[in-house]
>>> print(open('coords.txt').read())   # compact mmCIF, C-alpha atoms
# COMPACT_ATOMS: atom_id res chain seq x y z
CA MET A 1 -24.89 -12.91 -6.30
CA SER A 2 -23.55 -15.16 -3.58
CA SER A 3 -21.67 -13.60 -0.68
CA GLU A 4 -18.43 -15.29 -1.70
CA HIS A 5 -18.57 -13.47 -5.06
CA THR A 6 -19.67 -10.09 -3.69
CA PRO A 7 -16.95 -7.52 -4.45
CA ALA A 8 -15.14 -6.82 -1.20
CA LEU A 9 -11.86 -6.21 0.55
CA ARG A 10 -10.94 -9.40 2.42
CA TYR A 11 -8.93 -9.10 5.64
CA GLN A 12 -6.75 -11.98 6.79
CA LYS A 13 -4.14 -12.16 9.53
CA GLU A 14 -1.40 -14.74 9.75
CA GLY A 15 1.39 -14.32 12.25
CA GLY A 16 2.48 -10.70 12.22
CA VAL A 17 1.16 -10.02 8.72
CA ALA A 18 -2.27 -8.66 7.84
CA THR A 19 -3.29 -9.11 4.22
CA LEU A 20 -5.94 -7.01 2.48
CA SER A 21 -7.11 -8.67 -0.73
CA ILE A 22 -8.99 -6.71 -3.38
CA ASP A 23 -11.57 -9.30 -4.40
CA HIS A 24 -13.61 -8.46 -7.51
CA PRO A 25 -12.38 -10.96 -10.09
CA THR A 26 -15.10 -10.40 -12.69
CA ARG A 27 -13.79 -6.85 -13.17
CA HIS A 28 -10.08 -7.46 -12.65
CA ASN A 29 -10.39 -6.46 -8.98
CA ALA A 30 -11.84 -3.03 -9.72
CA MET A 31 -12.64 -1.04 -6.58
CA THR A 32 -16.34 -0.36 -6.06
CA PHE A 33 -17.55 2.61 -4.03
CA ASP A 34 -18.28 0.31 -1.09
CA MET A 35 -14.78 -1.13 -1.25
CA TRP A 36 -13.21 2.32 -1.15
CA ALA A 37 -15.48 3.22 1.76
CA ALA A 38 -14.50 0.05 3.66
CA LEU A 39 -10.74 0.53 3.32
CA PRO A 40 -10.20 3.04 6.19
CA GLY A 41 -11.92 0.77 8.71
CA LEU A 42 -9.78 -2.21 7.74
CA ILE A 43 -6.62 -0.13 7.94
CA GLU A 44 -7.73 1.08 11.36
CA GLN A 45 -8.18 -2.56 12.41
CA ALA A 46 -4.64 -3.43 11.34
CA ASP A 47 -3.21 -0.31 12.95
CA ALA A 48 -4.87 -1.07 16.29
CA ASP A 49 -3.81 -4.73 16.36
CA THR A 50 -0.48 -4.92 18.18
CA ASP A 51 0.11 -8.39 16.75
CA VAL A 52 0.17 -6.98 13.21
CA ARG A 53 3.64 -5.83 12.17
CA VAL A 54 3.27 -5.50 8.38
CA VAL A 55 0.28 -4.98 6.07
CA VAL A 56 0.17 -6.44 2.56
CA LEU A 57 -2.19 -5.12 -0.10
CA ARG A 58 -2.82 -7.46 -3.02
CA GLY A 59 -5.37 -8.53 -5.57
CA ALA A 60 -7.33 -11.75 -5.25
CA GLY A 61 -6.47 -14.39 -7.83
CA GLU A 62 -3.67 -14.26 -10.37
CA LYS A 63 -4.91 -11.90 -13.08
CA ALA A 64 -4.93 -8.48 -11.43
CA PHE A 65 -3.81 -6.37 -8.51
CA SER A 66 -6.54 -3.87 -9.32
CA SER A 67 -7.83 -2.30 -12.52
CA GLY A 68 -8.74 0.85 -10.57
CA SER A 69 -12.17 2.21 -9.75
CA ASP A 70 -15.17 0.26 -11.03
CA ILE A 71 -16.17 2.26 -14.11
CA SER A 72 -19.49 0.42 -14.32
CA GLN A 73 -20.61 2.42 -11.26
CA PHE A 74 -19.76 5.84 -12.71
CA GLY A 75 -23.14 6.28 -14.40
CA GLU A 76 -24.97 5.69 -11.15
CA ARG A 77 -22.58 7.21 -8.64
CA ARG A 78 -20.39 9.68 -10.53
CA SER A 79 -22.73 11.43 -12.95
CA THR A 80 -23.73 14.46 -10.83
CA GLU A 81 -21.60 17.11 -9.14
CA ALA A 82 -22.60 15.78 -5.73
CA GLY A 83 -21.91 12.20 -6.79
CA VAL A 84 -18.49 13.07 -8.18
CA LYS A 85 -17.59 14.87 -4.95
CA LEU A 86 -18.76 12.00 -2.75
CA TRP A 87 -16.84 9.44 -4.82
CA ASN A 88 -13.66 11.53 -4.95
CA ASP A 89 -13.76 12.40 -1.25
CA THR A 90 -14.27 8.72 -0.35
CA VAL A 91 -11.38 7.55 -2.53
CA VAL A 92 -8.99 10.24 -1.31
CA ALA A 93 -9.89 9.54 2.34
CA ALA A 94 -9.27 5.81 1.81
CA ALA A 95 -5.84 6.34 0.28
CA ASP A 96 -4.96 8.92 2.93
CA ARG A 97 -5.76 6.45 5.72
CA LEU A 98 -3.56 3.85 4.03
CA VAL A 99 -0.58 6.18 3.87
CA ARG A 100 -1.05 7.18 7.53
CA LEU A 101 -0.81 3.59 8.74
CA GLY A 102 1.99 3.49 11.30
CA LYS A 103 3.28 0.11 10.10
CA PRO A 104 5.11 -0.90 6.93
CA THR A 105 2.82 -1.48 3.95
CA VAL A 106 3.68 -3.63 0.96
CA ALA A 107 1.85 -3.74 -2.37
CA LEU A 108 2.18 -7.23 -3.87
CA ILE A 109 1.37 -6.59 -7.51
CA ARG A 110 0.45 -9.46 -9.78
CA GLY A 111 -1.17 -9.01 -13.19
CA LEU A 112 -2.93 -5.78 -14.13
CA CYS A 113 -2.35 -2.66 -12.06
CA PHE A 114 -4.23 0.20 -13.70
CA GLY A 115 -5.56 3.62 -12.76
CA GLY A 116 -6.65 3.68 -9.14
CA GLY A 117 -4.81 0.41 -8.63
CA VAL A 118 -1.56 2.23 -9.34
CA GLY A 119 -2.79 4.94 -6.97
CA LEU A 120 -3.30 2.44 -4.18
CA SER A 121 0.19 1.03 -4.69
CA LEU A 122 1.66 4.54 -4.56
CA HIS A 123 0.31 4.90 -1.04
CA CYS A 124 2.17 1.78 0.15
CA ASP A 125 5.72 1.97 1.46
CA LEU A 126 7.03 -0.75 -0.86
CA ARG A 127 5.87 -2.13 -4.19
CA PHE A 128 6.93 -5.56 -5.46
CA ALA A 129 5.75 -6.82 -8.83
CA THR A 130 5.68 -10.33 -10.20
CA PRO A 131 7.15 -10.76 -13.71
CA ASP A 132 3.65 -10.82 -15.28
CA ALA A 133 2.60 -7.46 -13.81
CA SER A 134 1.68 -4.52 -16.04
CA PHE A 135 0.94 -0.91 -15.23
CA SER A 136 -1.03 1.95 -16.77
CA ILE A 137 -2.87 5.10 -15.76
CA PRO A 138 -5.33 5.54 -18.63
CA ALA A 139 -7.06 8.63 -17.23
CA ALA A 140 -6.73 10.51 -20.52
CA LYS A 141 -8.44 7.64 -22.36
CA LEU A 142 -11.47 7.99 -20.11
CA GLY A 143 -11.66 11.76 -19.79
CA VAL A 144 -11.17 11.65 -16.03
CA GLY A 145 -8.70 13.49 -13.83
CA TYR A 146 -6.14 11.91 -11.54
CA TYR A 147 -6.00 13.24 -8.00
CA PRO A 148 -3.33 15.96 -7.54
CA ALA A 149 -2.03 14.39 -4.32
CA TRP A 150 -1.59 11.08 -6.15
CA LEU A 151 0.30 12.79 -8.98
CA LYS A 152 2.55 14.38 -6.37
CA ARG A 153 3.35 10.92 -5.00
CA LEU A 154 3.90 9.58 -8.52
CA SER A 155 6.20 12.48 -9.41
CA SER A 156 8.27 12.08 -6.24
CA LEU A 157 8.69 8.39 -7.03
CA VAL A 158 9.53 8.38 -10.76
CA GLY A 159 10.36 12.06 -11.37
CA PRO A 160 8.20 14.69 -13.10
CA ALA A 161 9.29 13.88 -16.65
CA VAL A 162 8.38 10.18 -16.35
CA ALA A 163 5.18 11.04 -14.47
CA LYS A 164 4.16 13.24 -17.40
CA GLU A 165 4.99 10.46 -19.85
CA ILE A 166 2.80 8.05 -17.89
CA MET A 167 -0.12 10.50 -17.85
CA PHE A 168 0.30 12.02 -21.33
CA THR A 169 0.62 8.72 -23.20
CA ALA A 170 -1.62 6.44 -21.09
CA ARG A 171 0.74 3.67 -22.21
CA ARG A 172 1.22 0.30 -20.58
CA TYR A 173 4.46 -0.62 -18.81
CA ASP A 174 5.52 -4.20 -18.17
CA ALA A 175 7.18 -5.21 -14.91
CA ALA A 176 10.73 -4.68 -16.18
CA GLN A 177 9.87 -1.21 -17.48
CA ALA A 178 8.14 -0.34 -14.21
CA LEU A 179 11.30 -1.31 -12.34
CA LYS A 180 13.47 0.73 -14.69
CA ILE A 181 11.49 3.92 -14.14
CA GLY A 182 11.32 3.40 -10.36
CA LEU A 183 7.62 2.63 -10.09
CA VAL A 184 8.34 -0.60 -8.18
CA ASN A 185 11.09 -1.64 -5.79
CA ASP A 186 11.77 -4.97 -7.45
CA VAL A 187 10.40 -7.68 -9.73
CA ARG A 188 10.30 -11.04 -8.00
CA ASP A 189 8.17 -14.13 -7.59
CA GLU A 190 5.30 -13.88 -5.13
CA ALA A 191 6.93 -16.40 -2.78
CA GLU A 192 10.06 -14.24 -2.57
CA THR A 193 8.00 -11.18 -1.67
CA LEU A 194 6.09 -13.07 1.00
CA GLU A 195 9.36 -14.35 2.43
CA LEU A 196 10.62 -10.77 2.64
CA VAL A 197 7.38 -9.66 4.33
CA THR A 198 7.74 -12.42 6.92
CA ARG A 199 11.28 -11.28 7.61
CA MET A 200 10.12 -7.69 8.02
CA ALA A 201 7.45 -8.82 10.49
CA SER A 202 10.14 -10.41 12.66
CA LEU A 203 12.02 -7.13 13.10
CA ALA A 204 11.55 -4.59 15.90
CA PRO A 205 8.22 -2.77 15.33
CA LEU A 206 9.29 0.42 17.11
CA SER A 207 12.41 0.64 14.95
CA LEU A 208 10.36 0.19 11.79
CA ARG A 209 7.87 2.84 12.91
CA ALA A 210 10.63 5.33 13.77
CA SER A 211 12.28 4.79 10.39
CA LYS A 212 9.00 5.17 8.52
CA MET A 213 8.18 8.41 10.32
CA ALA A 214 11.62 9.93 9.77
CA ILE A 215 11.76 9.05 6.08
CA ASP A 216 8.21 10.29 5.45
CA GLU A 217 9.02 13.49 7.33
CA ALA A 218 12.09 14.01 5.14
CA VAL A 219 10.01 13.60 1.98
CA GLU A 220 7.03 15.58 3.28
CA PRO A 221 8.21 18.08 5.93
CA GLY A 222 5.59 18.75 8.58
CA LYS A 223 3.81 15.45 8.21
CA TYR A 224 4.79 14.41 11.74
CA GLY A 225 7.12 17.16 12.88
CA ASP A 226 10.68 16.79 14.10
CA GLU A 227 9.72 16.36 17.75
CA ALA A 228 7.43 13.41 16.99
CA CYS A 229 10.23 11.75 15.02
CA GLN A 230 12.68 12.36 17.87
CA GLN A 231 10.18 10.90 20.33
CA ALA A 232 9.83 7.78 18.16
CA LEU A 233 13.61 7.47 18.23
CA ARG A 234 13.73 7.81 22.01
CA MET A 235 11.05 5.15 22.38
CA CYS A 236 13.32 2.69 20.58
CA PHE A 237 16.17 3.15 23.05
CA ALA A 238 13.81 3.05 26.05
CA SER A 239 12.09 -0.15 24.92
CA GLN A 240 12.29 -3.76 26.03
CA ASP A 241 13.02 -4.59 22.40
CA TYR A 242 16.26 -2.61 22.63
CA LYS A 243 17.33 -4.79 25.55
CA GLU A 244 16.18 -7.91 23.70
CA GLY A 245 18.19 -6.96 20.63
CA GLN A 246 21.35 -6.59 22.69
CA ALA A 247 20.73 -9.86 24.57
CA ALA A 248 20.07 -11.76 21.35
CA PHE A 249 23.26 -10.37 19.81
CA ARG A 250 25.22 -11.37 22.91
CA ASP A 251 23.68 -14.85 23.04
CA LYS A 252 24.04 -15.36 19.26
CA ARG A 253 20.35 -16.16 18.80
CA PRO A 254 17.49 -14.62 16.78
CA PRO A 255 15.77 -11.82 18.70
CA VAL A 256 12.09 -12.07 19.66
CA PHE A 257 10.62 -8.57 19.60
CA ALA A 258 7.42 -7.64 21.42
CA GLY A 259 6.88 -4.13 20.10
CA ARG A 260 7.37 -2.46 23.46
>>> encode(input="coords.txt", output="structure tokens")
Amino acid sequence: MSSEHTPALRYQKEGGVATLSIDHPTRHNAMTFDMWAALPGLIEQADADTDVRVVVLRGAGEKAFSSGSDISQFGERRSTEAGVKLWNDTVVAAADRLVRLGKPTVALIRGLCFGGGVGLSLHCDLRFATPDASFSIPAAKLGVGYYPAWLKRLSSLVGPAVAKEIMFTARRYDAAQALKIGLVNDVRDEAETLELVTRMASLAPLSLRASKMAIDEAVEPGKYGDEACQQALRMCFASQDYKEGQAAFRDKRPPVFAGR
């Protein structure tokens, strides 16, 4: 297999946006063990890069965001108790690092979004689907369990009754249905989502971080603690960006924020 067709997460940075592409087209962008294992390092790279303001997670190509974990590897890597534990711990750690990213994350969902693919999108701050997107968590069709922490996120997003419907029926939802139940923020063309991401990347990074922390703390008390959220707020008002925002408003020009 040539390197360009080796399943991988591809990292690309353009302007203030880092894009992580799930690239495994022969299996509808299924996540291999190595891809799950690589995700925390790439998130760390985006988190440490002060030029990166927003992170986009998407699938390579036009057919799928991600069909979930690569089932073809289960026989080799998930057939023993030790193998199951290693796989599960690796996947949970990858998703946990994604949700702890201190910058806004956007799932750009095109085509299939199944199983672990839905799980990945649940760990992003925002989810935007193209009109051709479809969603399903077919765990009950495969005899596998879905991680409790992921079901907690799903339930908080769509409500427990709808979460149970999703899990108990293993049915497929089209983009309009996903929007109706609250699984995605909006259904829009890819270009519209990318335009929104670019606009987000032009805003004040410290303000975005403070908002993300406070909202996450409200949903999950103790995640950061009140003092950390208050400190993030104080940093906004003590920043050069605060002065820049006022100057830009006074001068009637777009602000240029530096993240400090």
>>> closest_residue(input="coords.txt", among="A:His24, A:Thr198, A:Val158, A:Asp132", to="Lys180 in chain A", atoms="all atoms listed in the file")
A:Val158
>>> axis_aligned_box(input="coords.txt", around="range 180-196 of chain A", padding_each_side="4 Å", output="AutoDock Vina command-line options")
--center_x 9.4 --center_y -6.2 --center_z -6.0 --size_x 16.2 --size_y 28.3 --size_z 25.3
>>> closest_atom_pairs(input="coords.txt", of="range 147-189 of chain A", to="range 217-224 of chain A", cutoff="12 Å", atoms="all atoms listed in the file", output="CSV")
residue,atom,partner,partner_atom,distance
A:Ala149,CA,A:Glu220,CA,11.9
A:Lys152,CA,A:Glu220,CA,10.7
A:Arg153,CA,A:Val219,CA,10.0
A:Ser156,CA,A:Val219,CA,8.5
A:Leu157,CA,A:Val219,CA,10.5
>>> closest_residue(input="coords.txt", among="A:Pro40, A:Arg78, A:Asp47, A:Ala170", to="Thr105 in chain A", atoms="all atoms listed in the file")
A:Asp47
>>> atom_distance(input="coords.txt", atom1="CA of Arg53 in chain A", atom2="CA of Ser67 in chain A")
27.5 Å
>>> atom_distance(input="coords.txt", atom1="CA of Val56 in chain A", atom2="CA of Met31 in chain A")
16.6 Å
>>> build_atoms(input="coords.txt", residues="range 168-189 of chain A", atoms="N, CA, C and O atoms", output="mmCIF file, in the frame of the given file")
data_model
loop_
_atom_site.group_PDB
_atom_site.id
_atom_site.type_symbol
_atom_site.label_atom_id
_atom_site.label_comp_id
_atom_site.auth_asym_id
_atom_site.auth_seq_id
_atom_site.Cartn_x
_atom_site.Cartn_y
_atom_site.Cartn_z
ATOM 1 N N PHE A 168 0.548 11.474 -19.998
ATOM 2 C CA PHE A 168 0.300 12.020 -21.330
ATOM 3 C C PHE A 168 0.120 10.946 -22.389
ATOM 4 O O PHE A 168 -0.528 11.186 -23.415
ATOM 5 N N THR A 169 0.712 9.771 -22.181
ATOM 6 C CA THR A 169 0.620 8.720 -23.200
ATOM 7 C C THR A 169 -0.387 7.634 -22.843
ATOM 8 O O THR A 169 -0.843 6.921 -23.728
ATOM 9 N N ALA A 170 -0.720 7.493 -21.562
ATOM 10 C CA ALA A 170 -1.620 6.440 -21.090
ATOM 11 C C ALA A 170 -1.130 5.057 -21.528
ATOM 12 O O ALA A 170 -1.921 4.125 -21.692
ATOM 13 N N ARG A 171 0.174 4.918 -21.710
ATOM 14 C CA ARG A 171 0.740 3.670 -22.210
ATOM 15 C C ARG A 171 0.818 2.628 -21.097
ATOM 16 O O ARG A 171 0.653 2.925 -19.909
ATOM 17 N N ARG A 172 1.080 1.402 -21.524
ATOM 18 C CA ARG A 172 1.220 0.300 -20.580
ATOM 19 C C ARG A 172 2.709 -0.018 -20.401
ATOM 20 O O ARG A 172 3.477 -0.026 -21.366
ATOM 21 N N TYR A 173 3.087 -0.265 -19.148
ATOM 22 C CA TYR A 173 4.460 -0.620 -18.810
ATOM 23 C C TYR A 173 4.474 -2.047 -18.271
ATOM 24 O O TYR A 173 3.656 -2.388 -17.409
ATOM 25 N N ASP A 174 5.400 -2.866 -18.761
ATOM 26 C CA ASP A 174 5.520 -4.200 -18.170
ATOM 27 C C ASP A 174 6.343 -4.103 -16.891
ATOM 28 O O ASP A 174 6.814 -3.023 -16.508
ATOM 29 N N ALA A 175 6.519 -5.217 -16.220
ATOM 30 C CA ALA A 175 7.180 -5.210 -14.910
ATOM 31 C C ALA A 175 8.615 -4.688 -15.008
ATOM 32 O O ALA A 175 9.064 -3.903 -14.158
ATOM 33 N N ALA A 176 9.342 -5.119 -16.036
ATOM 34 C CA ALA A 176 10.730 -4.680 -16.180
ATOM 35 C C ALA A 176 10.811 -3.182 -16.424
ATOM 36 O O ALA A 176 11.695 -2.498 -15.884
ATOM 37 N N GLN A 177 9.894 -2.657 -17.220
ATOM 38 C CA GLN A 177 9.870 -1.210 -17.480
ATOM 39 C C GLN A 177 9.488 -0.435 -16.224
ATOM 40 O O GLN A 177 10.045 0.634 -15.950
ATOM 41 N N ALA A 178 8.545 -0.984 -15.453
ATOM 42 C CA ALA A 178 8.140 -0.340 -14.210
ATOM 43 C C ALA A 178 9.307 -0.260 -13.233
ATOM 44 O O ALA A 178 9.485 0.742 -12.525
ATOM 45 N N LEU A 179 10.111 -1.308 -13.201
ATOM 46 C CA LEU A 179 11.300 -1.310 -12.340
ATOM 47 C C LEU A 179 12.308 -0.278 -12.830
ATOM 48 O O LEU A 179 12.899 0.467 -12.024
ATOM 49 N N LYS A 180 12.489 -0.190 -14.122
ATOM 50 C CA LYS A 180 13.470 0.730 -14.690
ATOM 51 C C LYS A 180 13.141 2.178 -14.371
ATOM 52 O O LYS A 180 14.044 2.981 -14.081
ATOM 53 N N ILE A 181 11.864 2.528 -14.387
ATOM 54 C CA ILE A 181 11.490 3.920 -14.140
ATOM 55 C C ILE A 181 11.298 4.221 -12.645
ATOM 56 O O ILE A 181 11.045 5.365 -12.260
ATOM 57 N N GLY A 182 11.414 3.189 -11.802
ATOM 58 C CA GLY A 182 11.320 3.400 -10.360
ATOM 59 C C GLY A 182 9.923 3.299 -9.792
ATOM 60 O O GLY A 182 9.693 3.687 -8.642
ATOM 61 N N LEU A 183 8.991 2.758 -10.572
ATOM 62 C CA LEU A 183 7.620 2.630 -10.090
ATOM 63 C C LEU A 183 7.482 1.519 -9.059
ATOM 64 O O LEU A 183 6.592 1.567 -8.200
ATOM 65 N N VAL A 184 8.348 0.500 -9.150
ATOM 66 C CA VAL A 184 8.340 -0.600 -8.180
ATOM 67 C C VAL A 184 9.739 -0.778 -7.603
ATOM 68 O O VAL A 184 10.732 -0.360 -8.204
ATOM 69 N N ASN A 185 9.800 -1.388 -6.431
ATOM 70 C CA ASN A 185 11.090 -1.640 -5.790
ATOM 71 C C ASN A 185 11.853 -2.772 -6.443
ATOM 72 O O ASN A 185 13.084 -2.728 -6.563
ATOM 73 N N ASP A 186 11.102 -3.815 -6.867
ATOM 74 C CA ASP A 186 11.770 -4.970 -7.450
ATOM 75 C C ASP A 186 10.731 -5.812 -8.187
ATOM 76 O O ASP A 186 9.511 -5.680 -7.962
ATOM 77 N N VAL A 187 11.224 -6.671 -9.057
ATOM 78 C CA VAL A 187 10.400 -7.680 -9.730
ATOM 79 C C VAL A 187 10.848 -9.028 -9.217
ATOM 80 O O VAL A 187 12.025 -9.394 -9.364
ATOM 81 N N ARG A 188 9.939 -9.760 -8.608
ATOM 82 C CA ARG A 188 10.300 -11.040 -8.000
ATOM 83 C C ARG A 188 9.064 -11.922 -7.916
ATOM 84 O O ARG A 188 7.934 -11.442 -8.013
ATOM 85 N N ASP A 189 9.282 -13.211 -7.751
ATOM 86 C CA ASP A 189 8.170 -14.130 -7.590
ATOM 87 C C ASP A 189 7.412 -13.806 -6.310
ATOM 88 O O ASP A 189 7.970 -13.281 -5.344
#
